[in-house]
file query.txt (compact mmCIF, C-alpha atoms)
# COMPACT_ATOMS: atom_id res chain seq x y z
CA MET U 243 130.29 187.77 48.92
CA GLU U 244 129.14 191.35 49.48
CA TYR U 245 125.67 190.86 48.01
CA GLU U 246 124.91 187.91 50.26
CA LYS U 247 126.04 189.87 53.31
CA TRP U 248 123.93 192.83 52.22
CA TRP U 249 120.76 190.78 51.73
CA ASN U 250 121.30 189.09 55.09
CA LYS U 251 122.00 192.44 56.80
CA GLU U 252 125.37 191.17 57.98
CA THR U 253 127.52 194.18 57.02
CA LYS U 254 127.76 197.67 58.44
CA LYS U 255 129.12 199.09 55.18
CA PRO U 256 126.99 200.29 52.27
CA LEU U 257 126.95 198.28 49.06
CA LEU U 258 128.15 200.57 46.27
CA SER U 259 127.78 199.77 42.57
CA ILE U 260 129.77 202.08 40.33
CA THR U 261 130.15 202.14 36.56
CA VAL U 262 132.74 204.15 34.66
CA SER U 263 133.29 204.51 30.94
CA LYS U 264 136.82 203.31 30.19
CA GLU U 265 138.98 206.33 29.43
CA LYS U 266 139.79 205.43 25.84
CA TYR U 267 136.12 204.89 24.99
CA LYS U 268 134.72 208.14 26.39
CA GLY U 269 132.56 209.91 23.82
CA LYS U 270 132.08 206.77 21.76
CA THR U 271 128.54 206.16 20.52
CA TYR U 272 126.84 202.78 20.68
CA LYS U 273 123.99 201.04 18.94
CA TRP U 274 122.76 199.51 22.20
CA ASP U 275 120.02 201.00 24.33
CA GLY U 276 117.62 199.42 26.78
CA TRP U 277 114.95 198.91 24.12
CA ASP U 278 117.04 196.87 21.70
CA LEU U 279 115.31 193.60 22.57
CA LEU U 280 112.06 195.06 21.25
CA ARG U 281 113.62 197.08 18.45
CA GLU U 282 115.47 194.01 17.17
CA LYS U 283 112.68 191.53 17.78
CA ASP U 284 113.33 189.81 14.45
CA ASN U 285 117.03 189.52 15.22
CA PRO U 286 117.58 189.56 19.01
CA GLU U 287 121.08 188.15 18.55
CA LYS U 288 122.01 191.58 17.17
CA ALA U 289 120.67 193.24 20.32
CA VAL U 290 122.71 190.93 22.55
CA ASP U 291 125.84 191.61 20.49
CA ASN U 292 125.21 195.36 20.83
CA PHE U 293 124.96 194.97 24.60
CA GLU U 294 128.18 192.95 24.78
CA ARG U 295 130.13 195.56 22.84
CA ARG U 296 128.83 198.32 25.12
CA ALA U 297 129.56 196.32 28.28
CA GLN U 298 133.17 195.70 27.22
CA ASP U 299 133.85 199.43 27.28
CA ILE U 300 132.62 199.96 30.85
CA LEU U 301 134.34 199.32 34.16
CA TYR U 302 132.03 197.64 36.68
CA LEU U 303 133.24 198.34 40.21
CA GLY U 304 132.03 197.42 43.68
CA GLY U 305 128.72 195.59 43.33
CA ALA U 306 128.19 196.64 39.70
CA TYR U 307 127.90 194.12 36.88
CA PRO U 308 126.72 194.08 33.25
CA ASN U 309 123.02 193.34 33.68
CA LEU U 310 121.18 192.24 30.54
CA TRP U 311 117.63 191.83 31.73
CA LEU U 312 114.75 190.84 29.47
CA ASN U 313 113.33 194.31 28.83
CA LEU U 314 110.05 194.15 26.93
CA GLY U 315 108.55 197.05 28.85
CA PRO U 316 107.19 197.60 32.38
CA GLY U 317 104.45 195.13 33.23
CA VAL U 318 104.83 192.76 30.28
CA LEU U 319 102.56 190.19 31.97
CA ALA U 320 99.67 192.20 30.49
CA ALA U 321 100.98 191.38 26.99
CA TYR U 322 101.24 187.69 27.89
CA ILE U 323 97.56 187.81 28.84
CA THR U 324 96.13 189.93 25.99
CA GLY U 325 98.74 189.74 23.23
CA PHE U 326 98.74 193.56 23.06
CA LEU U 327 102.07 195.41 23.20
CA LYS U 328 102.63 198.77 21.50
CA PHE U 329 106.28 199.73 21.09
CA THR U 330 106.87 203.40 20.28
CA GLY U 331 110.64 203.33 19.93
CA ASP U 332 111.45 204.44 23.46
CA THR U 333 108.79 202.77 25.59
CA ALA U 334 106.19 199.99 25.52
CA TRP U 335 102.48 200.34 26.24
CA PHE U 336 100.18 197.60 27.47
CA GLU U 337 96.97 199.39 28.43
CA HIS U 338 94.17 197.88 26.37
CA PRO U 339 90.85 198.45 28.22
CA MET U 340 88.53 195.44 28.12
CA GLU U 341 85.18 194.40 29.53
CA TRP U 342 85.10 192.17 32.59
CA ASP U 343 83.67 189.17 30.73
CA ASP U 344 86.65 189.18 28.38
CA ILE U 345 89.13 189.69 31.20
CA GLU U 346 87.74 186.74 33.16
CA LYS U 347 88.21 184.40 30.19
CA LEU U 348 91.78 185.51 29.59
CA LEU U 349 92.80 185.06 33.22
CA ASP U 350 91.88 181.39 33.43
CA SER U 351 95.29 180.36 32.09
CA LEU U 352 98.20 181.73 30.11
CA ASP U 353 98.12 181.10 26.37
CA GLU U 354 101.34 179.15 25.82
CA ASN U 355 101.32 180.20 22.15
CA ASN U 356 101.17 183.90 22.99
CA GLU U 357 103.66 185.74 20.76
CA TRP U 358 105.26 187.73 23.58
CA TRP U 359 105.44 184.81 25.97
CA LEU U 360 107.19 182.68 23.36
CA TYR U 361 109.58 185.53 22.59
CA THR U 362 110.44 186.01 26.27
CA LYS U 363 111.30 182.34 26.69
CA ARG U 364 113.36 182.43 23.51
CA LEU U 365 115.22 185.48 24.84
CA ALA U 366 115.85 183.80 28.19
CA HIS U 367 117.59 180.89 26.45
CA LEU U 368 119.45 183.17 24.04
CA ILE U 369 120.69 185.61 26.68
CA GLY U 370 121.43 182.86 29.18
CA GLY U 371 123.43 180.92 26.61
CA LYS U 372 125.46 183.93 25.51
CA SER U 373 126.03 185.27 29.02
CA GLN U 374 128.72 182.89 30.20
CA GLY U 375 131.48 184.97 31.78
CA LYS U 376 130.35 188.09 29.91
CA PHE U 377 127.26 189.46 31.66
CA VAL U 378 124.42 188.57 34.03
CA PRO U 379 120.95 187.77 32.64
CA GLY U 380 118.01 189.34 34.44
CA MET U 381 114.30 188.60 34.81
CA THR U 382 111.80 190.49 32.67
CA ASP U 383 109.67 193.30 34.16
CA ILE U 384 106.56 191.28 34.98
CA GLY U 385 104.81 194.24 36.59
CA GLY U 386 102.79 194.89 39.72
CA ILE U 387 99.62 192.84 40.25
CA ALA U 388 97.33 195.88 40.29
CA ASP U 389 99.34 197.60 37.55
CA VAL U 390 98.76 194.64 35.24
CA LEU U 391 95.03 194.74 35.99
CA ALA U 392 95.03 198.48 35.23
CA SER U 393 96.48 197.65 31.82
CA LEU U 394 93.72 195.11 31.19
CA ARG U 395 90.82 197.16 32.49
CA GLY U 396 92.03 200.74 31.97
CA THR U 397 93.22 202.86 34.88
CA GLU U 398 90.13 205.06 35.16
CA ASN U 399 87.80 202.08 34.86
CA LEU U 400 89.68 200.24 37.59
CA LEU U 401 89.42 203.18 39.97
CA ILE U 402 85.64 203.11 39.54
CA ASP U 403 85.58 199.31 39.86
CA LEU U 404 87.26 199.54 43.25
CA ILE U 405 84.11 201.23 44.50
CA GLU U 406 81.41 199.61 42.39
CA ARG U 407 82.71 196.12 41.49
CA LEU U 408 85.22 195.18 44.12
CA GLU U 409 84.39 191.47 43.93
CA LEU U 410 85.51 191.39 40.29
CA VAL U 411 88.69 193.26 41.14
CA VAL U 412 89.57 190.75 43.86
CA MET U 413 88.82 187.83 41.53
CA ALA U 414 91.11 189.28 38.87
CA MET U 415 93.87 190.14 41.32
CA ASP U 416 93.85 186.58 42.68
CA LYS U 417 94.21 185.15 39.18
CA ILE U 418 96.88 187.65 38.11
CA LEU U 419 98.87 186.77 41.23
CA GLU U 420 98.95 183.12 40.16
CA LEU U 421 99.89 184.01 36.58
CA TRP U 422 102.60 186.33 37.89
CA HIS U 423 104.27 183.56 39.85
CA TYR U 424 103.85 181.11 37.00
CA VAL U 425 105.74 183.51 34.72
CA TYR U 426 108.44 184.12 37.33
CA ASP U 427 108.94 180.41 37.95
CA GLU U 428 109.08 179.56 34.23
CA ILE U 429 111.61 182.24 33.31
CA ASP U 430 113.65 181.64 36.45
CA GLY U 431 113.70 177.96 35.54
CA ILE U 432 115.26 178.84 32.19
CA LEU U 433 117.75 181.43 33.45
CA SER U 434 118.88 179.21 36.32
CA GLN U 435 120.23 176.76 33.73
CA TYR U 436 122.83 179.37 32.80
CA MET U 437 123.54 181.36 35.97
CA GLU U 438 123.78 181.32 39.73
CA GLY U 439 121.39 183.50 41.68
CA THR U 440 118.93 185.99 40.21
CA SER U 441 118.93 189.51 38.81
CA ALA U 442 116.27 191.95 37.59
CA TRP U 443 115.80 195.46 36.21
CA MET U 444 116.88 197.11 39.47
CA GLY U 445 120.46 195.94 38.97
CA LEU U 446 120.76 193.92 42.18
CA TRP U 447 122.12 190.39 42.20
CA CYS U 448 120.91 187.89 44.78
CA PRO U 449 122.12 184.35 45.51
CA ARG U 450 118.49 183.27 45.93
CA ARG U 451 115.18 184.05 44.20
CA TRP U 452 114.43 187.77 44.43
CA TYR U 453 112.38 190.40 42.63
CA PRO U 454 111.40 194.10 42.87
CA ILE U 455 107.68 194.16 43.67
CA GLN U 456 105.57 197.24 43.08
CA CYS U 457 102.22 198.95 42.70
CA ASP U 458 102.47 202.21 40.75
CA PHE U 459 98.66 202.26 40.69
CA SER U 460 98.73 202.84 44.46
CA ALA U 461 99.62 206.52 43.95
CA MET U 462 95.96 207.02 42.96
CA ILE U 463 94.28 205.30 45.91
CA SER U 464 93.87 205.99 49.62
CA PRO U 465 95.83 204.23 52.38
CA LYS U 466 92.61 202.47 53.40
CA MET U 467 92.15 201.09 49.89
CA PHE U 468 95.84 200.20 49.73
CA GLU U 469 95.53 198.21 52.94
CA ARG U 470 92.57 196.24 51.60
CA PHE U 471 93.40 195.93 47.93
CA VAL U 472 97.20 196.04 47.54
CA ALA U 473 99.07 195.13 50.74
CA PRO U 474 97.81 191.50 50.95
CA TYR U 475 99.12 190.76 47.46
CA LEU U 476 102.49 192.34 48.17
CA LYS U 477 102.77 190.24 51.32
CA GLU U 478 101.87 187.09 49.38
CA GLN U 479 104.49 187.83 46.72
CA ALA U 480 107.11 188.46 49.39
CA CYS U 481 106.22 185.17 51.07
CA ARG U 482 106.62 183.21 47.83
CA LEU U 483 109.99 184.73 46.95
CA ASP U 484 113.18 184.52 49.00
CA HIS U 485 113.83 188.27 48.89
CA THR U 486 111.94 191.35 47.72
CA ILE U 487 112.53 195.09 47.45
CA TYR U 488 109.48 197.33 47.08
CA HIS U 489 109.78 199.89 44.26
CA LEU U 490 108.44 203.08 45.87
CA ASP U 491 107.79 205.31 42.89
CA GLY U 492 107.26 208.97 43.68
CA PRO U 493 105.66 211.12 46.41
CA GLY U 494 102.19 209.79 45.58
CA GLU U 495 103.11 206.48 47.21
CA ILE U 496 104.58 207.93 50.41
CA PRO U 497 101.21 207.78 52.28
CA HIS U 498 101.50 203.98 52.09
CA VAL U 499 105.04 203.74 53.50
CA ASP U 500 104.07 202.77 57.04
CA MET U 501 101.96 199.86 55.79
CA LEU U 502 104.78 198.73 53.52
CA LEU U 503 107.26 198.86 56.37
CA ASP U 504 104.93 196.74 58.49
CA ILE U 505 105.07 193.90 55.95
CA GLU U 506 107.80 191.89 57.63
CA GLU U 507 108.49 189.74 54.57
CA ILE U 508 109.53 192.72 52.39
CA ASP U 509 113.30 193.13 52.78
CA GLY U 510 113.65 196.73 51.72
CA ILE U 511 112.53 199.81 49.82
CA GLN U 512 113.84 201.39 46.64
CA TRP U 513 113.04 205.09 46.54
CA VAL U 514 112.50 206.76 43.16
CA PRO U 515 111.62 210.48 43.56
CA GLY U 516 110.04 210.87 40.12
CA ALA U 517 110.45 213.51 37.44
CA GLY U 518 110.75 217.10 38.61
CA ASN U 519 111.70 216.19 42.19
CA PRO U 520 115.10 216.37 43.94
CA ASN U 521 117.30 213.35 43.27
CA VAL U 522 117.80 210.56 45.79
CA ILE U 523 120.82 212.20 47.45
CA SER U 524 118.94 215.18 48.81
CA GLU U 525 117.86 216.72 52.10
CA ALA U 526 114.27 216.33 50.87
CA TRP U 527 114.21 212.58 51.50
CA LEU U 528 116.25 212.16 54.67
CA LYS U 529 113.18 211.76 56.91
CA LEU U 530 111.85 209.08 54.57
CA TYR U 531 115.16 207.22 54.75
CA GLU U 532 115.11 207.51 58.54
CA ARG U 533 111.66 205.88 58.65
CA ILE U 534 112.82 203.05 56.40
CA GLN U 535 116.00 202.41 58.38
CA LYS U 536 114.24 202.65 61.73
CA LYS U 537 112.19 199.60 60.69
CA GLY U 538 115.35 197.68 59.84
CA LYS U 539 114.68 197.61 56.11
CA LEU U 540 117.25 197.71 53.33
CA LEU U 541 117.38 200.95 51.33
CA VAL U 542 118.07 201.05 47.58
CA LEU U 543 119.07 204.32 45.90
CA ASN U 544 119.84 204.37 42.17
CA CYS U 545 121.55 207.56 41.00
CA ASP U 546 122.34 208.74 37.49
CA SER U 547 125.76 209.90 38.66
CA ILE U 548 127.69 209.81 41.90
CA THR U 549 130.71 211.61 43.32
CA LEU U 550 132.73 211.18 46.47
CA ASP U 551 131.25 214.40 47.85
CA LYS U 552 127.70 213.14 47.31
CA ILE U 553 128.42 209.78 48.93
CA GLN U 554 130.10 211.37 51.94
CA TRP U 555 127.27 213.88 52.32
CA LEU U 556 124.68 211.08 52.33
CA PHE U 557 126.41 208.86 54.86
CA GLU U 558 127.10 211.72 57.22
CA ARG U 559 123.31 211.93 57.57
CA ILE U 560 122.04 208.34 57.38
CA SER U 561 123.41 205.01 58.56
CA PRO U 562 125.41 203.11 55.92
CA GLU U 563 124.03 199.78 57.16
CA GLY U 564 121.75 198.09 54.65
CA VAL U 565 122.08 200.85 52.04
CA TYR U 566 122.72 200.15 48.36
CA VAL U 567 123.76 203.04 46.10
CA SER U 568 124.43 202.73 42.39
CA GLY U 569 125.55 205.30 39.87
CA HIS U 570 127.93 206.30 37.10
CA CYS U 571 131.22 208.06 37.86
CA ASP U 572 132.92 210.50 35.50
CA SER U 573 136.43 209.22 36.18
CA GLU U 574 138.13 206.01 37.23
CA ASP U 575 140.16 207.89 39.85
CA GLU U 576 137.07 209.17 41.62
CA ALA U 577 135.37 205.77 41.43
CA TYR U 578 138.32 204.16 43.20
CA GLU U 579 138.40 206.99 45.74
CA ILE U 580 134.76 206.23 46.60
CA LEU U 581 135.52 202.54 47.07
CA GLU U 582 138.59 203.34 49.19
CA TRP U 583 136.45 205.64 51.34
CA ARG U 584 133.97 202.80 51.82
CA GLU U 585 136.72 200.53 53.13
CA ARG U 586 137.78 203.13 55.68
CA ILE U 587 134.40 203.75 57.30

call {"tool": "encode", "arguments": {"input": "query.txt", "output": "C-alpha cells"}}
result
Amino acid sequence: MEYEKWWNKETKKPLLSITVSKEKYKGKTYKWDGWDLLREKDNPEKAVDNFERRAQDILYLGGAYPNLWLNLGPGVLAAYITGFLKFTGDTAWFEHPMEWDDIEKLLDSLDENNEWWLYTKRLAHLIGGKSQGKFVPGMTDIGGIADVLASLRGTENLLIDLIERLELVVMAMDKILELWHYVYDEIDGILSQYMEGTSAWMGLWCPRRWYPIQCDFSAMISPKMFERFVAPYLKEQACRLDHTIYHLDGPGEIPHVDMLLDIEEIDGIQWVPGAGNPNVISEAWLKLYERIQKKGKLLVLNCDSITLDKIQWLFERISPEGVYVSGHCDSEDEAYEILEWRERI
C-alpha cells in the first residue's frame, strides 16, 4: 500500500492526496463543517450523518480518504485536565490561567468523570461504529505538551515561569507528557476496535500508531530554551509512538528546525506557512524543504487547492521522494491528469 511505502521511505514517487467535488454536486451547500462535533454536542449522531452526506459527494483520489477525526479543538487535553472549553462557533479556546498549586493538583491524574473526556470516548465509539466502509476515524487533537501547559498557566505567565520557576515547568511538563500518552492510548484502544491503522487531523493514514506532534509555543522562545525545554519531550513522544510528523507552524518556529531535524525518531516535518505568508508551493520555502530533505525526513505539504502546473513546478525544484501533498482540485479531469503525471515520473 502506498502509505506504508511512504512511511517506510520505500518509494521514489510523491504521495498525492486529491479531493474533487463530484460534478453534479458542485455548488451544493452542506450542513457539515469541522466544528459539528462541538456544535452538535447534544446530538453527535447528527454531526456524523452530516459528515457522511458531505463525504458521499466528494471523490477521494490518490492517498485521500474521508477523515472524520474527533475535533474538539486544538489541544483538548487542557479541557480534560481543567474541564474548561469555550466554543465560539468557529473555534475552541482552552486557555484558563491558574496558579501553580491548582495546576499541580490537577496533573496528578485525569478525572475520569470529566465532561469532555467522557464525550471524547463516546464520540470514539460512535464514529468508529458508524465508520465501517464509509470513512476513517481519526484521533482527537490532544495538543503539544508545552501548548497544553500554556493553556493551564497562561502564555505570558509561562514565558516568565521559564526564567523564574523552571522547576515547576519541568514538573508540569513531565506530568502532562504522561497524561498525553494516557489519552492517546485510551482513544487509540477504542478506535482500533473499528479500524486498521491510525489517522489524525493532518489527514495521513498510517498502518501503525502515529501522530502529529507539535509545539506552537516554541515560536516565542529561543533555540537555547527550545533545546532544554521542548526538544526532550518531542523526542520522548516520538520514541513512544511508531511514527511522528512534526507540525512546523509558521516562520517563528524556523529557528528550531535544525534541532528538530536532529531528532532521529521524528519521521518528518509538516510545513504550515501561516496567515499572510506565501502558500506551501512557493519559491519562498524551497531552501527550507531542501534542509528537511537533506536530513532524510519526510515532508508534508497541505494545500487548499492544487493544479497540475503547481505540482510540476514543485517537483522540478525538489525531490519527490518522501513528499506528501494534499489539496482540492477544481475538476476531475485535472485530478486524474495529476495522478497520471505521478505515474510517469

call {"tool": "residues_around", "arguments": {"input": "query.txt", "residues": "Lys283 in chain U", "least_positions_apart": "4", "cutoff": "12 Å", "atoms": "only C-alpha atoms", "output": "PyMOL selection string"}}
result
chain U and resi 277-279+287-290+312-314+329+357-358+360-362+364-365

call {"tool": "closest_residue", "arguments": {"input": "query.txt", "among": "U:Val378, U:Ala297, U:Ile384, U:Met413", "to": "Gly439 in chain U", "atoms": "only C-alpha atoms"}}
result
U:Val378

call {"tool": "closest_atom_pairs", "arguments": {"input": "query.txt", "of": "range 365-475 of chain U", "to": "range 502-524 of chain U", "cutoff": "9 Å", "atoms": "all atoms listed in the file", "output": "Markdown table"}}
result
| residue | atom | partner | partner_atom | distance |
| --- | --- | --- | --- | --- |
| U:Met444 | CA | U:Gln512 | CA | 8.9 |
| U:Pro454 | CA | U:Gln512 | CA | 8.6 |
| U:Ala473 | CA | U:Leu502 | CA | 7.3 |

call {"tool": "closest_residue", "arguments": {"input": "query.txt", "among": "U:Cys545, U:Ile553, U:Ile402, U:Leu280", "to": "His570 in chain U", "atoms": "only C-alpha atoms"}}
result
U:Cys545

call {"tool": "residues_near_point", "arguments": {"input": "query.txt", "point": "(106.6, 192.0, 33.1)", "cutoff": "10 Å", "atoms": "only C-alpha atoms", "output": "PDB file with C-alpha atoms, keeping the file's coordinate frame"}}
result
ATOM      1  CA  LEU U 312     114.750 190.840  29.470  1.00  0.00           C
ATOM      2  CA  ASN U 313     113.330 194.310  28.830  1.00  0.00           C
ATOM      3  CA  LEU U 314     110.050 194.150  26.930  1.00  0.00           C
ATOM      4  CA  GLY U 315     108.550 197.050  28.850  1.00  0.00           C
ATOM      5  CA  PRO U 316     107.190 197.600  32.380  1.00  0.00           C
ATOM      6  CA  GLY U 317     104.450 195.130  33.230  1.00  0.00           C
ATOM      7  CA  VAL U 318     104.830 192.760  30.280  1.00  0.00           C
ATOM      8  CA  LEU U 319     102.560 190.190  31.970  1.00  0.00           C
ATOM      9  CA  ALA U 320      99.670 192.200  30.490  1.00  0.00           C
ATOM     10  CA  ALA U 321     100.980 191.380  26.990  1.00  0.00           C
ATOM     11  CA  TYR U 322     101.240 187.690  27.890  1.00  0.00           C
ATOM     12  CA  THR U 362     110.440 186.010  26.270  1.00  0.00           C
ATOM     13  CA  MET U 381     114.300 188.600  34.810  1.00  0.00           C
ATOM     14  CA  THR U 382     111.800 190.490  32.670  1.00  0.00           C
ATOM     15  CA  ASP U 383     109.670 193.300  34.160  1.00  0.00           C
ATOM     16  CA  ILE U 384     106.560 191.280  34.980  1.00  0.00           C
ATOM     17  CA  GLY U 385     104.810 194.240  36.590  1.00  0.00           C
ATOM     18  CA  GLY U 386     102.790 194.890  39.720  1.00  0.00           C
ATOM     19  CA  VAL U 390      98.760 194.640  35.240  1.00  0.00           C
ATOM     20  CA  TRP U 422     102.600 186.330  37.890  1.00  0.00           C
ATOM     21  CA  VAL U 425     105.740 183.510  34.720  1.00  0.00           C
ATOM     22  CA  TYR U 426     108.440 184.120  37.330  1.00  0.00           C
TER      23      TYR U 426
END
